[in-house]
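Encoded as structure tokens, the structure appears first; notes follow it.
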Amino acid sequence: HFKSRREKCVETAWGTTSAPSQDYPITNKVPYPLKLFICLFPRVMWAMEPGHLLWALLFVQPLWPRLTDGATRVYYLGIQDVQWNYAPKGRNVITNQPLDSDTVASNFLKSDKNRIGSSYKKTIYKEYRDGSYMDEMVQPAWLGFLGPVLKAEVGDIILIHLKNFATRPYTIHPHGVFYEKDSEGSLYPDGSSGWLKADDSVPPGGSHIYNWTIPEGHAPTDADPACLTWIYHSHVDAPRDIATGLIGPLITCKRGTLDGNFPPQRQDVDNDFFLLFSVIDENLSWHINENIATYCSDPASVDIEDETFQESNRMHAINGFVFGNLPDLSMCAQKRVAWHLFGMGNEVDVHTAFFHGQMLTIRGHRTDVAHIFPATFVTAEMVPREPGTWLISCQVNSHLQDGMQALYKIKSCSMAPSMNLLTGKVRQYFIEAHEIQWDYGPMGHDGNTGKNLREPGSGSDKFFQKSSSRIGGTYWKVRYEAFQDETFQEKVQLEEDKHLGI
Ligand SMILES: [Cu+2]
């Protein structure tokens with residue numbers, strides 16, 4: 001009976017029972033808890049009768065800390081099934097090769113009698129203009145299959161009207177914001193029951209309103225960037241829900257960062273981009289069997305336990321794009337850009353995102369590589385300097401080879417001179433790539449045990465024994481070597497560089 005009273009007030013305050021009008025207030029300066037309080041005030045008065053006082057106090061008390069001076073940001077999200085193509089351009093954009101002549105890319109992208117190919121059925125979050133869920137909001141192409149970017153400032157309330165248009169129960173569960181048990185969106189034995197469980201599983205055709213806030217305790221600190229990177233995702237069975245596609249970005253910003261538009265834009269940067277680095281394991285998707293039936297030309301020939309089949313469904317993607325297919329990452333030189341980077345997935349999801357050609361600032365430190373692990377959220381700031389098309393690549397060898405690369409474009413948008421004013425020296429190096437035979441164990445013995453490196457049973461013998469079928473400890477390699485001048489006659493040989501080895 002508590003639930004029905006609360007819901008009635010939600011409906012009164014937000015008109016969720018009727019289709020909203022055109023000028024329906026999407027951002028409202030009257031705090032939601034205050035509305036709820038005003039709405040419930042007469043009932044609370046009624047509750048002042050003897051015996052009800054305790055109930056009234058218990059009910060009102062949790063509202064006080066949530067009163068806020070911020071905006072209420074209302075989002076209408078629908079969970080929808082879609083067909084998703086990881087490589088809509090049909091080729092490896094990085095090597096500029098058609099799939100047929102690219103054996104690595106075609107392993108993942110070409111459908112066959114027992115291969116799904118580049119398209120998969122997925123289930124994703126879509127954003128709608130209002131509670132009719134008729135008018136879908138246009139999202140930037142680079143966002144891929146990620147859900148819409150949710151933005152809020154400290155002191156704000158985020159109201160998510162979630163409607164499930166798909167065929168399984170799903171939820172929405174956030175990181176980085178405050179929520180109570182009715183808005184957590186994750187299913188686990190937390191001792192809650194009744195209406196506190198409605199958020200934990202929204203059935204097909206069902207809906208739920210999630211109420212999240214950004215109190216001071218969740219605010220970016222002085223040492224943090226203006227906006228922190230977070231995510232939201234479905235959490236009925238999180239690994240499978242996320243592999244199916246239900247994940248999206250969320251940022252929480254310092255006061256005064258966002259403008260008054262809807263969707264809100266950051267005023268402190270020219271662009272903000274959101275990139276998910278993840279080996280998306282389509283074998284975990286709820287739709288794997290349907291994808292086999294739809295896209296394999298001989299579904300009966302598929303062995304779902306076969307490792308090569310499974311590997312062909314592990315898409316090394318950035319926002320659900322592989323092999324340079326991620327479109328429209330375009331920005332102006334000399335303008336501030338925020339990169340919100342995050343990872344999800346498994347042990348394989350150790351990513352080192354290298355932004356070629358530009359510098360990043362992460363947590364106040366300069367770098368050009370961001371380290372991303374599952375459920376790791378990184379905010380990186382960039383002022384691109386040099387116009388051109390540049391590469392973003394995961395530097396983990398197998399990820400790089402298997403398609404985790406994208407291109408980003410720096411445009412020259414103003415005639416203002418570049419800020420790269422150099423006042424230092426010119427330092428010139430003469431470097432030759434030199435082929436050498438390199439011995440990994442020049443002493444011939446283990447410096448620790450004193451044993452000969454080739455001594456049988458020493459442990460080192462498997463690396464240093466030389467035979468008809470073993471290379472031994474010496475390999476041909478190529479080394480950079482420094483020379484005194486452009487004649488490349490005299491090497492630079494410094495005693496203190498000896499430890500550099502190869
Ligand atoms: Cu990687």
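By order of appearance in the structure tokens: chains A, B, ..., then residues from 1 within every chain, and ligands from 1 in the order shown.
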Using only C-alpha atoms and all ligand atoms, which residues have at least one atom no more than 12 Å from ligand 1? Output them as an NGL selection string.
:A and (276-280 or 315-318 or 322 or 342-354 or 369-374 or 392-405)
Using only C-alpha atoms, the residue out of A:Lys411, A:Asn283, A:Tyr429, A:Cys253 with shortest distance to Gln267 of chain A is A:Cys253
Once DSSP has gone over the backbone, tell me which residues of segment 187-391 of chain A are in strand (DSSP E or B), as a ChimeraX atom specification.
/A:202,207-213,227-233,235,247-253,258,266,271-281,314-318,321,330-332,337-343,351-355,360-362,365-367,369-372,374,377-382,388-391
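Here atom CA of Ile94 of chain A and atom CA of His340 of chain A stand 23.0 Å from one another.
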Do you have the atom CA of Thr389 of chain A-atom CA of Asn96 of chain A distance handy?
14.3 Å
What are the closest atom pairs, with distances in Å to one decimal, for each residue of segment 51-145 of chain A lying within 9 Å of segment 165-186 of chain A, using only C-alpha atoms, rows by chain and rising residue number, as a Markdown table?
```
| residue | atom | partner | partner_atom | distance |
| --- | --- | --- | --- | --- |
| A:Gly78 | CA | A:Phe165 | CA | 6.5 |
| A:Ile79 | CA | A:Phe165 | CA | 5.4 |
| A:Gln80 | CA | A:Ala166 | CA | 5.3 |
| A:Asp81 | CA | A:Ala166 | CA | 5.9 |
| A:Thr123 | CA | A:Ala166 | CA | 7.3 |
```
Looking at A:Met134, A:Ala406, A:Ala226, A:Val383, which one is nearest to Thr95 of chain A, with distances taken over only C-alpha atoms?
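Closest to Thr95 of chain A of all the choices is A:Ala406.
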Non-local contacts of Arg479 of chain A (9 Å; only C-alpha atoms; under 4 positions in same chain excluded) as number ranges by chain
A: 432-436, 502
Write out, as an mmCIF file, in the first residue's frame, the residues just selected, with N, CA and C atoms.
```cif
data_model
loop_
_atom_site.group_PDB
_atom_site.id
_atom_site.type_symbol
_atom_site.label_atom_id
_atom_site.label_comp_id
_atom_site.auth_asym_id
_atom_site.auth_seq_id
_atom_site.Cartn_x
_atom_site.Cartn_y
_atom_site.Cartn_z
ATOM 1 N N GLU A 432 71.043 4.119 -36.857
ATOM 2 C CA GLU A 432 71.045 3.110 -37.914
ATOM 3 C C GLU A 432 70.370 1.845 -37.390
ATOM 4 N N ALA A 433 69.541 1.242 -38.230
ATOM 5 C CA ALA A 433 68.991 -0.077 -37.903
ATOM 6 C C ALA A 433 70.024 -1.101 -38.356
ATOM 7 N N HIS A 434 70.550 -1.865 -37.398
ATOM 8 C CA HIS A 434 71.715 -2.698 -37.678
ATOM 9 C C HIS A 434 71.405 -4.150 -37.341
ATOM 10 N N GLU A 435 71.654 -5.059 -38.289
ATOM 11 C CA GLU A 435 71.409 -6.478 -38.029
ATOM 12 C C GLU A 435 72.579 -7.067 -37.257
ATOM 13 N N ILE A 436 72.256 -7.727 -36.162
ATOM 14 C CA ILE A 436 73.311 -8.303 -35.319
ATOM 15 C C ILE A 436 72.909 -9.704 -34.874
ATOM 16 N N ILE A 502 70.236 -4.922 -25.897
ATOM 17 C CA ILE A 502 69.791 -4.913 -27.287
ATOM 18 C C ILE A 502 69.233 -3.542 -27.670
#
```
May I have the residues within 9 Å of Cys413 of chain A as JSON, numbers by chain, using only C-alpha atoms and disregarding those fewer than 4 positions away in the same chain?
{"A": [331, 332, 333, 334]}
Kindly save the residues from that selection, with C-alpha atoms included, as a tab-separated table (two decimals), in the first residue's frame.
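Contents of result_36.tsv, freshly written:
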```
chain	number	residue	atom	x	y	z
A	331	MET	CA	37.29	17.21	-33.91
A	332	CYS	CA	39.05	20.56	-34.24
A	333	ALA	CA	42.73	21.21	-33.64
A	334	GLN	CA	43.49	23.54	-30.70
```
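For Gln465 of chain A, the set of protein, DNA and RNA residues having any atom at most 10 Å away, when counting only C-alpha atoms and skipping those fewer than 3 positions along the same chain, is Leu453, Arg454, Glu455, Pro456, Ser460, Asp461, Lys462, Ser469, Arg470, Ile471, Gly472 and Gly473 of chain A.
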